[in-house]
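**Q** Contents of structure-v1.txt (compact mmCIF, C-alpha atoms (C1' of nucleotides)) are given next:
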```txt
# COMPACT_ATOMS: atom_id res chain seq x y z
CA MET P 5 -26.61 -3.30 -20.36
CA SER P 6 -24.05 -0.85 -21.65
CA LEU P 7 -20.59 -2.03 -22.55
CA ARG P 8 -19.18 -0.13 -19.65
CA GLU P 9 -21.41 -2.07 -17.30
CA GLU P 10 -20.58 -5.32 -19.02
CA ILE P 11 -16.89 -4.64 -18.52
CA LEU P 12 -17.45 -3.96 -14.83
CA GLU P 13 -19.54 -7.10 -14.56
CA ALA P 14 -16.88 -9.20 -16.28
CA SER P 15 -14.16 -7.72 -14.08
CA LYS P 16 -16.06 -8.49 -10.91
CA ASP P 17 -16.81 -11.99 -12.12
CA ILE P 18 -13.16 -12.68 -12.82
CA LEU P 19 -12.08 -11.10 -9.57
CA ILE P 20 -14.45 -13.29 -7.57
CA LYS P 21 -14.06 -16.53 -9.49
CA ASP P 22 -10.45 -16.44 -10.63
CA GLY P 23 -8.84 -14.02 -8.20
CA PHE P 24 -7.08 -10.73 -8.50
CA GLY P 25 -3.99 -12.14 -10.16
CA LYS P 26 -5.97 -13.42 -13.13
CA MET P 27 -7.76 -10.15 -13.68
CA SER P 28 -6.02 -8.98 -16.83
CA MET P 29 -7.37 -6.56 -19.38
CA ARG P 30 -7.40 -9.17 -22.11
CA ARG P 31 -9.21 -11.69 -19.97
CA ILE P 32 -11.80 -9.13 -18.96
CA ALA P 33 -12.22 -8.17 -22.60
CA ARG P 34 -12.64 -11.78 -23.65
CA ARG P 35 -15.36 -12.30 -21.08
CA ALA P 36 -17.12 -9.10 -22.10
CA ASP P 37 -16.78 -10.14 -25.74
CA VAL P 38 -14.76 -7.19 -26.93
CA THR P 39 -11.10 -6.41 -27.48
CA ALA P 40 -8.88 -5.25 -24.66
CA THR P 41 -8.42 -1.81 -26.15
CA SER P 42 -12.14 -1.17 -25.96
CA ILE P 43 -11.87 -1.07 -22.21
CA TYR P 44 -9.75 2.06 -22.60
CA LEU P 45 -12.71 3.81 -24.16
CA TYR P 46 -14.54 3.63 -20.87
CA PHE P 47 -11.69 3.58 -18.36
CA LYS P 48 -8.50 5.57 -18.39
CA ASN P 49 -6.44 2.53 -17.51
CA LYS P 50 -6.51 -0.56 -15.33
CA ASP P 51 -6.20 1.46 -12.15
CA ASP P 52 -9.21 3.48 -13.14
CA LEU P 53 -11.21 0.32 -13.73
CA LEU P 54 -10.01 -1.01 -10.40
CA LEU P 55 -10.95 2.17 -8.61
CA THR P 56 -14.45 2.00 -10.03
CA LEU P 57 -14.73 -1.55 -8.76
CA ILE P 58 -13.45 -0.42 -5.37
CA GLN P 59 -15.95 2.39 -5.22
CA GLU P 60 -18.80 0.00 -5.96
CA SER P 61 -17.66 -2.30 -3.18
CA ILE P 62 -17.41 0.58 -0.78
CA ASP P 63 -20.93 1.64 -1.66
CA ASP P 64 -22.18 -1.87 -0.98
CA LEU P 65 -20.41 -2.00 2.36
CA LYS P 66 -21.72 1.40 3.31
CA ALA P 67 -25.26 0.40 2.37
CA ALA P 68 -25.01 -2.68 4.58
CA LEU P 69 -23.85 -0.52 7.47
CA GLU P 70 -26.57 2.06 6.95
CA ASP P 71 -29.12 -0.71 6.94
CA VAL P 72 -28.25 -1.77 10.44
CA ILE P 73 -28.43 1.66 12.00
CA ASP P 74 -31.37 1.86 14.35
CA PRO P 75 -31.43 4.83 16.74
CA SER P 76 -34.05 3.14 18.90
CA LYS P 77 -31.52 0.53 19.88
CA ASP P 78 -29.24 0.47 22.88
CA PHE P 79 -25.99 2.31 22.19
CA ILE P 80 -23.71 -0.62 22.91
CA GLN P 81 -25.97 -2.98 21.02
CA GLN P 82 -25.75 -0.57 18.13
CA LEU P 83 -21.97 -0.66 18.19
CA GLU P 84 -21.93 -4.43 18.27
CA ASP P 85 -24.45 -4.66 15.43
CA MET P 86 -22.29 -2.47 13.25
CA ALA P 87 -19.18 -4.46 14.03
CA ARG P 88 -20.91 -7.72 13.22
CA VAL P 89 -22.47 -6.46 10.01
CA TYR P 90 -19.10 -5.14 8.92
CA ILE P 91 -17.43 -8.46 9.62
CA ARG P 92 -20.22 -10.43 7.99
CA PHE P 93 -20.08 -8.29 4.87
CA ALA P 94 -16.33 -8.75 4.63
CA LEU P 95 -16.52 -12.51 5.05
CA ASN P 96 -19.45 -12.89 2.68
CA HIS P 97 -17.80 -10.74 0.03
CA PRO P 98 -14.13 -11.39 0.69
CA LYS P 99 -12.94 -10.43 -2.78
CA GLU P 100 -14.88 -7.19 -2.76
CA TYR P 101 -13.58 -6.42 0.69
CA GLU P 102 -10.05 -7.32 -0.21
CA ILE P 103 -9.98 -5.12 -3.24
CA ILE P 104 -10.90 -2.13 -1.11
CA TYR P 105 -7.70 -2.52 0.86
CA MET P 106 -5.54 -4.16 -1.72
CA VAL P 107 -4.77 -1.18 -3.87
CA ARG P 108 -2.10 1.02 -2.36
CA PRO P 109 -2.43 4.77 -2.75
CA GLU P 110 1.29 5.31 -3.30
CA GLU P 111 1.19 2.95 -6.24
CA MET P 112 -1.51 4.91 -7.98
CA PRO P 113 -0.11 8.43 -8.04
CA LYS P 114 -2.22 9.22 -11.09
CA TYR P 115 -5.31 9.39 -8.95
CA PRO P 116 -6.47 12.12 -6.64
CA ARG P 117 -6.51 11.44 -2.94
CA GLU P 118 -10.14 12.49 -2.84
CA LYS P 119 -11.20 9.20 -4.32
CA PHE P 120 -9.70 7.41 -1.37
CA ASN P 121 -11.20 9.84 1.03
CA GLU P 122 -14.63 8.74 -0.06
CA VAL P 123 -14.04 5.61 1.96
CA ARG P 124 -14.07 7.85 4.95
CA SER P 125 -17.76 8.52 4.73
CA ALA P 126 -18.24 4.97 6.00
CA TYR P 127 -16.37 5.79 9.19
CA GLU P 128 -18.44 8.84 9.71
CA LEU P 129 -21.42 6.58 10.21
CA LEU P 130 -19.52 5.03 13.08
CA ALA P 131 -18.30 8.38 14.37
CA ASP P 132 -21.90 9.58 14.49
CA ILE P 133 -22.95 6.68 16.66
CA ILE P 134 -20.00 7.23 18.97
CA ASP P 135 -20.88 10.88 19.20
CA ARG P 136 -24.39 9.87 20.15
CA GLY P 137 -22.98 7.79 22.99
CA ARG P 138 -21.01 10.77 24.14
CA LYS P 139 -23.98 13.07 24.06
CA GLU P 140 -26.01 10.58 26.04
CA ASN P 141 -23.10 10.60 28.47
CA LEU P 142 -22.61 6.86 28.12
CA ILE P 143 -18.97 7.07 27.21
CA GLU P 144 -16.09 9.41 27.64
CA VAL P 145 -14.31 10.12 24.43
CA ASP P 146 -11.72 12.65 23.34
CA ASP P 147 -12.49 12.73 19.68
CA PRO P 148 -15.26 10.62 18.10
CA LEU P 149 -13.39 10.47 14.81
CA ILE P 150 -10.25 9.04 16.39
CA SER P 151 -12.39 6.57 18.30
CA ALA P 152 -14.18 5.55 15.12
CA TYR P 153 -10.90 4.92 13.38
CA THR P 154 -9.54 3.02 16.35
CA ILE P 155 -12.51 0.68 16.44
CA TRP P 156 -12.57 0.30 12.73
CA ALA P 157 -8.85 -0.49 12.58
CA GLN P 158 -9.32 -3.21 15.16
CA ILE P 159 -12.23 -4.74 13.29
CA HIS P 160 -10.37 -4.50 10.03
CA GLY P 161 -7.51 -6.39 11.62
CA VAL P 162 -9.82 -9.19 12.69
CA VAL P 163 -11.36 -9.42 9.25
CA SER P 164 -8.09 -9.22 7.42
CA VAL P 165 -6.56 -12.00 9.47
CA ILE P 166 -9.43 -14.30 8.54
CA ILE P 167 -9.59 -13.35 4.88
CA ASN P 168 -5.85 -13.67 4.43
CA LYS P 169 -6.03 -17.06 6.07
CA ARG P 170 -3.55 -16.10 8.72
CA LEU P 171 -5.55 -17.55 11.55
CA ASP P 172 -4.31 -20.72 13.17
CA THR P 173 -6.36 -23.54 11.72
CA ARG P 174 -7.13 -24.81 15.20
CA ILE P 175 -9.12 -21.67 16.00
CA PRO P 176 -12.76 -21.62 14.88
CA TYR P 177 -13.79 -18.41 13.17
CA ASP P 178 -16.92 -17.76 15.18
CA LYS P 179 -15.19 -18.13 18.51
CA PHE P 180 -12.43 -15.83 17.32
CA ILE P 181 -14.91 -13.24 16.05
CA ASP P 182 -17.02 -13.36 19.20
CA GLN P 183 -14.04 -12.81 21.43
CA ALA P 184 -12.62 -10.07 19.24
CA VAL P 185 -15.89 -8.13 19.05
CA ASP P 186 -16.28 -8.51 22.77
CA HIS P 187 -12.79 -7.20 23.44
CA ILE P 188 -13.05 -4.33 21.02
CA ILE P 189 -16.31 -3.03 22.45
CA LYS P 190 -15.33 -3.58 26.08
CA GLY P 191 -12.00 -1.88 25.50
CA PHE P 192 -13.87 1.04 24.15
CA ILE P 193 -16.61 1.52 26.73
CA ILE P 194 -14.43 0.81 29.74
CA HIS P 195 -13.33 4.41 29.77
CA LYS P 196 -16.60 5.37 31.37
CA THR P 197 -16.96 3.17 34.43
CA PRO P 198 -20.52 3.23 35.76
CA ALA P 199 -20.88 5.04 39.08
CA MET O 13 28.81 -12.49 -0.52
CA SER O 14 27.31 -15.38 -2.45
CA LEU O 15 25.18 -14.71 -5.49
CA ARG O 16 22.15 -16.00 -3.63
CA GLU O 17 22.71 -13.40 -0.97
CA GLU O 18 23.32 -10.71 -3.55
CA ILE O 19 20.02 -11.54 -5.19
CA LEU O 20 18.22 -11.30 -1.88
CA GLU O 21 19.96 -8.02 -1.14
CA ALA O 22 19.02 -6.59 -4.54
CA SER O 23 15.42 -7.74 -4.13
CA LYS O 24 15.12 -6.11 -0.76
CA ASP O 25 16.70 -2.94 -2.05
CA ILE O 26 14.25 -2.71 -4.92
CA LEU O 27 11.34 -3.58 -2.69
CA ILE O 28 12.19 -0.80 -0.26
CA LYS O 29 13.28 1.85 -2.72
CA ASP O 30 11.06 1.22 -5.73
CA GLY O 31 8.15 -0.67 -4.25
CA PHE O 32 6.67 -4.09 -4.77
CA GLY O 33 5.30 -3.34 -8.20
CA LYS O 34 8.75 -2.66 -9.63
CA MET O 35 10.24 -5.81 -8.21
CA SER O 36 10.64 -7.83 -11.39
CA MET O 37 13.04 -10.67 -11.99
CA ARG O 38 14.90 -8.79 -14.71
CA ARG O 39 15.28 -5.69 -12.56
CA ILE O 40 16.55 -7.72 -9.65
CA ALA O 41 18.97 -9.47 -11.97
CA ARG O 42 20.22 -6.17 -13.36
CA ARG O 43 20.91 -4.85 -9.88
CA ALA O 44 22.67 -8.04 -8.85
CA ASP O 45 24.64 -7.93 -12.10
CA VAL O 46 23.51 -11.24 -13.52
CA THR O 47 20.87 -12.41 -15.95
CA ALA O 48 17.32 -13.04 -14.86
CA THR O 49 17.58 -16.75 -15.46
CA SER O 50 20.39 -17.05 -12.96
CA ILE O 51 17.92 -16.29 -10.20
CA TYR O 52 16.26 -19.59 -11.02
CA LEU O 53 19.42 -21.39 -10.04
CA TYR O 54 18.92 -20.29 -6.46
CA PHE O 55 15.16 -19.88 -6.25
CA LYS O 56 12.48 -22.08 -7.69
CA ASN O 57 10.53 -19.11 -8.96
CA LYS O 58 9.53 -15.60 -7.99
CA ASP O 59 7.21 -16.82 -5.24
CA ASP O 60 10.05 -18.77 -3.73
CA LEU O 61 12.26 -15.68 -3.73
CA LEU O 62 9.42 -13.70 -2.21
CA LEU O 63 8.85 -16.31 0.45
CA THR O 64 12.50 -16.18 1.42
CA LEU O 65 12.24 -12.43 1.73
CA ILE O 66 9.10 -12.83 3.83
CA GLN O 67 10.81 -15.33 6.08
CA GLU O 68 13.70 -12.94 6.66
CA SER O 69 11.30 -10.17 7.60
CA ILE O 70 9.45 -12.44 9.95
CA ASP O 71 12.70 -13.40 11.61
CA ASP O 72 13.57 -9.74 12.09
CA LEU O 73 10.18 -9.00 13.57
CA LYS O 74 10.39 -11.99 15.84
CA ALA O 75 13.85 -10.95 17.01
CA ALA O 76 12.56 -7.50 17.88
CA LEU O 77 9.74 -9.03 19.89
CA GLU O 78 12.02 -11.45 21.69
CA ASP O 79 14.26 -8.58 22.58
CA VAL O 80 11.55 -6.82 24.52
CA ILE O 81 10.50 -9.81 26.59
CA ASP O 82 11.43 -9.25 30.21
CA PRO O 83 9.83 -11.61 32.74
CA SER O 84 10.75 -9.30 35.59
CA LYS O 85 8.33 -6.72 34.27
CA ASP O 86 4.72 -6.20 35.20
CA PHE O 87 2.41 -8.39 33.12
CA ILE O 88 0.38 -5.57 31.67
CA GLN O 89 3.48 -3.52 31.03
CA GLN O 90 4.87 -6.52 29.20
CA LEU O 91 1.82 -6.69 26.97
CA GLU O 92 2.03 -3.01 26.17
CA ASP O 93 5.74 -3.23 25.45
CA MET O 94 5.18 -5.99 22.96
CA ALA O 95 2.37 -4.13 21.25
CA ARG O 96 4.48 -1.00 20.94
CA VAL O 97 7.56 -2.81 19.69
CA TYR O 98 5.43 -4.59 17.12
CA ILE O 99 3.93 -1.34 15.92
CA ARG O 100 7.27 0.42 15.88
CA PHE O 101 8.88 -2.36 13.87
CA ALA O 102 6.06 -2.26 11.35
CA LEU O 103 6.24 1.51 10.95
CA ASN O 104 10.03 1.58 10.78
CA HIS O 105 10.15 -1.24 8.24
CA PRO O 106 6.87 -0.74 6.39
CA LYS O 107 7.93 -2.56 3.25
CA GLU O 108 9.23 -5.53 5.16
CA TYR O 109 6.08 -5.62 7.21
CA GLU O 110 3.85 -5.22 4.20
CA ILE O 111 5.43 -8.05 2.33
CA ILE O 112 4.67 -10.40 5.20
CA TYR O 113 0.96 -9.83 4.70
CA MET O 114 0.92 -8.98 1.04
CA VAL O 115 1.36 -12.41 -0.39
CA ARG O 116 -1.85 -14.39 -0.33
CA PRO O 117 -1.64 -18.08 0.42
CA GLU O 118 -4.35 -19.02 -2.09
CA GLU O 119 -2.33 -17.40 -4.83
CA MET O 120 0.71 -19.51 -4.10
CA PRO O 121 -0.65 -23.04 -4.18
CA LYS O 122 2.76 -24.38 -5.09
CA TYR O 123 3.94 -23.81 -1.57
CA PRO O 124 3.32 -25.84 1.53
CA ARG O 125 1.19 -24.33 4.23
CA GLU O 126 3.94 -25.07 6.71
CA LYS O 127 5.93 -22.14 5.44
CA PHE O 128 3.14 -19.83 6.42
CA ASN O 129 2.73 -21.53 9.72
CA GLU O 130 6.20 -20.44 10.66
CA VAL O 131 4.76 -16.98 11.14
CA ARG O 132 2.81 -18.48 13.95
CA SER O 133 5.83 -18.90 16.14
CA ALA O 134 5.72 -15.15 16.61
CA TYR O 135 2.26 -15.38 18.12
CA GLU O 136 3.37 -18.07 20.42
CA LEU O 137 5.62 -15.55 22.11
CA LEU O 138 2.49 -13.56 22.84
CA ALA O 139 0.51 -16.63 23.84
CA ASP O 140 3.22 -17.49 26.36
CA ILE O 141 2.96 -14.11 28.01
CA ILE O 142 -0.81 -14.37 28.14
CA ASP O 143 -0.50 -17.80 29.66
CA ARG O 144 1.81 -16.34 32.27
CA GLY O 145 -0.88 -13.79 33.15
CA ARG O 146 -3.36 -16.58 33.53
CA LYS O 147 -1.09 -18.63 35.74
CA GLU O 148 -0.48 -15.63 37.93
CA ASN O 149 -4.26 -15.32 38.07
CA LEU O 150 -4.17 -11.81 36.70
CA ILE O 151 -6.55 -12.48 33.85
CA GLU O 152 -9.27 -14.89 32.98
CA VAL O 153 -8.83 -16.43 29.60
CA ASP O 154 -10.43 -19.31 27.77
CA ASP O 155 -7.62 -20.12 25.43
CA PRO O 156 -4.32 -18.21 25.40
CA LEU O 157 -3.83 -18.93 21.71
CA ILE O 158 -7.17 -17.42 20.73
CA SER O 159 -6.42 -14.44 22.94
CA ALA O 160 -3.03 -14.01 21.35
CA TYR O 161 -4.56 -14.02 17.91
CA THR O 162 -7.27 -11.61 18.96
CA ILE O 163 -4.79 -9.10 20.28
CA TRP O 164 -2.48 -9.55 17.37
CA ALA O 165 -5.29 -9.10 14.84
CA GLN O 166 -6.24 -5.83 16.46
CA ILE O 167 -2.69 -4.55 16.46
CA HIS O 168 -2.23 -5.66 12.90
CA GLY O 169 -5.33 -3.68 12.00
CA VAL O 170 -3.92 -0.55 13.58
CA VAL O 171 -0.61 -0.96 11.80
CA SER O 172 -2.14 -1.81 8.46
CA VAL O 173 -4.39 1.22 8.53
CA ILE O 174 -1.38 3.47 9.02
CA ILE O 175 0.87 1.76 6.51
CA ASN O 176 -1.80 1.69 3.85
CA LYS O 177 -2.40 5.37 4.46
CA ARG O 178 -6.04 4.82 5.26
CA LEU O 179 -6.02 7.03 8.32
CA ASP O 180 -7.75 10.37 8.13
CA THR O 181 -5.03 12.96 7.62
CA ARG O 182 -6.41 15.01 10.50
CA ILE O 183 -5.55 12.27 12.97
CA PRO O 184 -1.98 12.24 14.32
CA TYR O 185 -0.36 8.81 14.31
CA ASP O 186 0.88 8.88 17.88
CA LYS O 187 -2.47 9.82 19.32
CA PHE O 188 -4.12 7.13 17.26
CA ILE O 189 -1.59 4.51 18.33
CA ASP O 190 -1.79 5.49 22.00
CA GLN O 191 -5.54 5.22 22.05
CA ALA O 192 -5.57 1.96 20.11
CA VAL O 193 -2.99 0.28 22.35
CA ASP O 194 -4.89 1.49 25.37
CA HIS O 195 -8.18 0.10 24.07
CA ILE O 196 -6.73 -3.19 23.00
CA ILE O 197 -5.08 -3.89 26.33
CA LYS O 198 -7.98 -2.66 28.42
CA GLY O 199 -10.42 -4.68 26.36
CA PHE O 200 -8.33 -7.68 27.10
CA ILE O 201 -7.74 -7.38 30.81
CA ILE O 202 -11.22 -6.19 31.69
CA HIS O 203 -12.39 -9.77 31.85
CA LYS O 204 -10.80 -10.11 35.24
CA THR O 205 -12.17 -7.28 37.32
CA PRO O 206 -10.13 -6.73 40.47
CA ALA O 207 -11.93 -7.69 43.65
C1' DA W 18 -27.51 12.40 -52.52
C1' DC W 19 -23.15 13.78 -51.31
C1' DT W 20 -20.04 15.41 -48.08
C1' DG W 21 -17.89 15.84 -43.23
C1' DT W 22 -17.79 14.46 -38.50
C1' DT W 23 -18.39 11.82 -34.69
C1' DT W 24 -18.86 7.32 -32.28
C1' DA W 25 -17.58 2.82 -31.30
C1' DC W 26 -14.71 -0.28 -32.03
C1' DT W 27 -10.49 -3.14 -33.97
C1' DT W 28 -5.64 -4.36 -35.53
C1' DA W 29 -0.89 -4.00 -34.90
C1' DA W 30 2.64 -2.89 -32.23
C1' DC W 31 5.86 -1.66 -28.11
C1' DA W 32 8.05 -2.61 -24.07
C1' DG W 33 7.76 -5.18 -20.35
C1' DT W 34 6.63 -9.66 -17.46
C1' DG W 35 7.67 -14.85 -15.43
C1' DT W 36 9.56 -18.96 -16.96
C1' DT W 37 11.77 -22.81 -19.65
C1' DA W 38 14.94 -25.30 -22.81
C1' DA W 39 19.10 -25.41 -24.72
C1' DC W 40 23.68 -24.05 -24.73
C1' DC W 41 28.34 -22.67 -23.15
C1' DT W 42 32.45 -22.69 -20.35
C1' DA W 43 35.40 -23.21 -16.71
C1' DT W 44 36.55 -26.29 -12.92
C1' DG W 45 37.39 -30.67 -10.72
C1' DT W 46 37.65 -35.99 -11.02
C1' DT W 47 38.97 -40.21 -12.63
C1' DA Z 27 42.81 -37.13 -22.00
C1' DA Z 28 37.94 -37.92 -21.18
C1' DC Z 29 34.08 -36.99 -18.45
C1' DA Z 30 31.03 -34.78 -15.17
C1' DT Z 31 29.50 -31.02 -12.75
C1' DA Z 32 28.67 -26.15 -11.30
C1' DG Z 33 27.43 -21.79 -12.62
C1' DG Z 34 26.22 -19.23 -15.61
C1' DT Z 35 24.23 -17.44 -20.54
C1' DT Z 36 21.09 -16.70 -24.88
C1' DA Z 37 16.83 -17.28 -27.16
C1' DA Z 38 12.32 -18.08 -26.96
C1' DC Z 39 7.22 -18.63 -25.38
C1' DA Z 40 3.17 -16.88 -23.80
C1' DC Z 41 1.63 -13.50 -21.33
C1' DT Z 42 0.98 -8.36 -19.44
C1' DG Z 43 -0.67 -2.95 -19.78
C1' DT Z 44 -0.94 0.50 -23.05
C1' DT Z 45 -0.86 3.43 -27.34
C1' DA Z 46 -1.27 4.86 -32.28
C1' DA Z 47 -3.48 4.23 -36.19
C1' DG Z 48 -7.15 2.47 -38.87
C1' DT Z 49 -12.06 1.12 -39.98
C1' DA Z 50 -16.85 0.97 -40.43
C1' DA Z 51 -21.28 2.52 -39.23
C1' DA Z 52 -24.38 6.29 -37.79
C1' DC Z 53 -25.54 10.98 -38.00
C1' DA Z 54 -25.69 16.11 -39.61
C1' DG Z 55 -25.63 19.78 -42.90
C1' DT Z 56 -26.19 21.47 -47.30
```
When written as structure tokens, how does the structure in this file appear?

**A**
Amino acid sequence: MSLREEILEASKDILIKDGFGKMSMRRIARRADVTATSIYLYFKNKDDLLLTLIQESIDDLKAALEDVIDPSKDFIQQLEDMARVYIRFALNHPKEYEIIYMVRPEEMPKYPREKFNEVRSAYELLADIIDRGRKENLIEVDDPLISAYTIWAQIHGVVSVIINKRLDTRIPYDKFIDQAVDHIIKGFIIHKTPA
Amino acid sequence: MSLREEILEASKDILIKDGFGKMSMRRIARRADVTATSIYLYFKNKDDLLLTLIQESIDDLKAALEDVIDPSKDFIQQLEDMARVYIRFALNHPKEYEIIYMVRPEEMPKYPREKFNEVRSAYELLADIIDRGRKENLIEVDDPLISAYTIWAQIHGVVSVIINKRLDTRIPYDKFIDQAVDHIIKGFIIHKTPA
DNA sequence: ACTGTTTACTTAACAGTGTTAACCTATGTT
DNA sequence: AACATAGGTTAACACTGTTAAGTAAACAGT
């Protein structure tokens, strides 16, 4: 394993085990058994390292979503599958998911917007499915991209509430998730009422 | 104005103008024209100061929501009003809104969970309205609290996507918001189909 | 075999961070 | 006059991200 990979490994390990706040260059270096300055040989700065980590997480999430795509399936079932895989990924890899949305673009002006736009490719998976539903005349939709973002925003909200532990402790996760997924999908397909 | 208030004022000013990352104790102190250590006379530590700031933002948000409550209004209209006021508050005070959800409970173990639970009182406003809809037999709902959280999570998702600049630049905010609010409310009331 | 260059890394340092202990000084109390 | 308290300060500790300069090994050319 190259040093670059070892640094990434160490960073991820610290992120998951010790949390974002403890993820300092020196601590990463210590775990990778080098000095902190060596990290700068492979990454421009901490933001760069972070962005690489983010990109890896995005790739993982995207792979999980691609895995669940099955054109033979019912359109609505397909939507629900994607929603549930997304939520499951986020809850199973909370730190990886968090890091994707933790870093704020305006606080990293050194980096090109394109990097962030790569996240978008994940939504395009969803937009494609929605477009399929439109072509099959199952739903009425203005713009599949807007719809994809709308759905995704809603799901992200559900996930983020759970991960950030903002949910009332009296509410069980699964019941909350079930109801949310149900609402999100119904709110979306209601636009085309069956004749 | 007491020094405590001046510190809070300076903190908020820095948060809004310079961003969260620049909000250091020494910078706050400089702006409030004292030394950094003086802050510790009024706040236990930085987290405590932050929590106070959060609480103030929550109070503002709650006040905005309470303002829009009008029992004489149509139930669905009432829901939509609340959603839109919530979104407008968040977009008009992005830094204040952000800070509410930025601080992670697990990273502030020094503080009692109760403090975070105070945020909940805002949802209870929503839960009350939902309960009203149930009593008037306009909707069918298992648990008003779960429903309140479900709706709120979805709205939070919409807001957070915009604030964190994660929305595709081709999508106009207002169109996105309109569609999202529409979906969220429809997905919620669909459970009770009119006879 | 002796140079020169590149690669991979380290040491030392700078300016900044949150936080604490110790100190000072003016005010009010007995 | 002696003491206590309130409201600050200075100095320091252990940390942070980051850079400039130095080092030591590997490689290339003559």

**Q** Using all atoms listed in the file, find each residue of chain P with at least one atom at most 10 Å away from an atom of chain Z; report its shortest atom-to-atom pair and that distance in Å (one decimal), sort the rows by chain and rising residue number, and return the result as CSV.

**A**
```
residue,atom,partner,partner_atom,distance
P:Ser28,CA,Z:DT42,C1',7.5
P:Met29,CA,Z:DG43,C1',7.6
P:Arg30,CA,Z:DT42,C1',8.8
P:Ala40,CA,Z:DG43,C1',9.8
P:Thr41,CA,Z:DT44,C1',8.4
P:Tyr44,CA,Z:DT44,C1',9.0
P:Asn49,CA,Z:DT44,C1',8.1
P:Lys50,CA,Z:DG43,C1',7.7
```

**Q** Report, in Å to a single decimal, how far apart CA of Leu149 in chain P and CA of Ala131 in chain P are.

**A** 5.4 Å

**Q** Figure out the distance between CA of Val173 in chain O and CA of Ala76 in chain O, please, to one decimal in Å.

**A** 21.2 Å

**Q** Within 9 Å of chain P, which residues of chain O are there when counting all atoms listed in the file? Please give them as a compact mmCIF listing (two decimals) with C-alpha atoms, keeping the file's coordinate frame.

**A**
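Below you can see result-v8.txt, which holds the result:
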```
# COMPACT_ATOMS: atom_id res chain seq x y z
CA GLY O 31 8.15 -0.67 -4.25
CA GLY O 33 5.30 -3.34 -8.20
CA TYR O 113 0.96 -9.83 4.70
CA MET O 114 0.92 -8.98 1.04
CA VAL O 115 1.36 -12.41 -0.39
CA ARG O 116 -1.85 -14.39 -0.33
CA PRO O 117 -1.64 -18.08 0.42
CA GLU O 118 -4.35 -19.02 -2.09
CA GLU O 119 -2.33 -17.40 -4.83
CA PHE O 128 3.14 -19.83 6.42
CA ASN O 129 2.73 -21.53 9.72
CA VAL O 131 4.76 -16.98 11.14
CA ARG O 132 2.81 -18.48 13.95
CA LEU O 157 -3.83 -18.93 21.71
CA ILE O 158 -7.17 -17.42 20.73
CA SER O 159 -6.42 -14.44 22.94
CA TYR O 161 -4.56 -14.02 17.91
CA THR O 162 -7.27 -11.61 18.96
CA ILE O 163 -4.79 -9.10 20.28
CA TRP O 164 -2.48 -9.55 17.37
CA ALA O 165 -5.29 -9.10 14.84
CA GLN O 166 -6.24 -5.83 16.46
CA ILE O 167 -2.69 -4.55 16.46
CA HIS O 168 -2.23 -5.66 12.90
CA GLY O 169 -5.33 -3.68 12.00
CA VAL O 170 -3.92 -0.55 13.58
CA VAL O 171 -0.61 -0.96 11.80
CA SER O 172 -2.14 -1.81 8.46
CA VAL O 173 -4.39 1.22 8.53
CA ASN O 176 -1.80 1.69 3.85
CA LYS O 177 -2.40 5.37 4.46
CA ARG O 178 -6.04 4.82 5.26
CA LEU O 179 -6.02 7.03 8.32
CA ASP O 180 -7.75 10.37 8.13
CA ILE O 183 -5.55 12.27 12.97
CA LYS O 187 -2.47 9.82 19.32
CA PHE O 188 -4.12 7.13 17.26
CA ILE O 189 -1.59 4.51 18.33
CA GLN O 191 -5.54 5.22 22.05
CA ALA O 192 -5.57 1.96 20.11
CA ASP O 194 -4.89 1.49 25.37
CA HIS O 195 -8.18 0.10 24.07
CA ILE O 196 -6.73 -3.19 23.00
CA ILE O 197 -5.08 -3.89 26.33
CA LYS O 198 -7.98 -2.66 28.42
CA GLY O 199 -10.42 -4.68 26.36
CA PHE O 200 -8.33 -7.68 27.10
CA ILE O 201 -7.74 -7.38 30.81
CA ILE O 202 -11.22 -6.19 31.69
CA HIS O 203 -12.39 -9.77 31.85
```

**Q** If I take CA of Asp25 in chain O and CA of Arg43 in chain O, how far is one from the other in Å, to one decimal?

**A**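 These atoms are spaced 9.1 Å apart.
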
**Q** Determine, counting all atoms listed in the file, which protein, DNA and RNA residues have an atom within 7 Å of an atom of Leu73 in chain O; residues of the same chain fewer than 4 positions away are not included. Present the result as a list in words.

**A** Ser69, Leu77 and Phe101 of chain O

**Q** Could you save the residues just selected, with C-alpha atoms, as a PDB file, in the coordinates of the input?

**A**
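out18.pdb written:
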```
ATOM      1  CA  SER O  69      11.300 -10.170   7.600  1.00  0.00           C
ATOM      2  CA  LEU O  77       9.740  -9.030  19.890  1.00  0.00           C
ATOM      3  CA  PHE O 101       8.880  -2.360  13.870  1.00  0.00           C
TER       4      PHE O 101
END
```

**Q** With a cut-off of 10 Å, could you pull out the residues of chain W touching chain P and give me the nearest pair of atoms for each, distance in Å to one decimal, using all atoms listed in the file, ordered by chain and ascending number, as a tab-separated table?

**A**
```
residue	atom	partner	partner_atom	distance
W:DA25	C1'	P:Ser42	CA	8.6
W:DC26	C1'	P:Ser42	CA	6.7
W:DT27	C1'	P:Thr39	CA	7.3
W:DT28	C1'	P:Thr39	CA	9.9
```

**Q** Just the residues within 10 Å of Ala36 in chain P, please, counting only C-alpha atoms (C1' of nucleotides), with nothing from its chain fewer than 3 positions along; format it as number ranges by chain.

**A** P: 7-15, 30-33, 39-40, 43

**Q** From (7.2, -11.5, 35.2), in the file's coordinates, out to 12 Å: which residues are reached, counting only C-alpha atoms (C1' of nucleotides)? Answer as number ranges by chain.

**A** O: 81-91, 140-148, 150
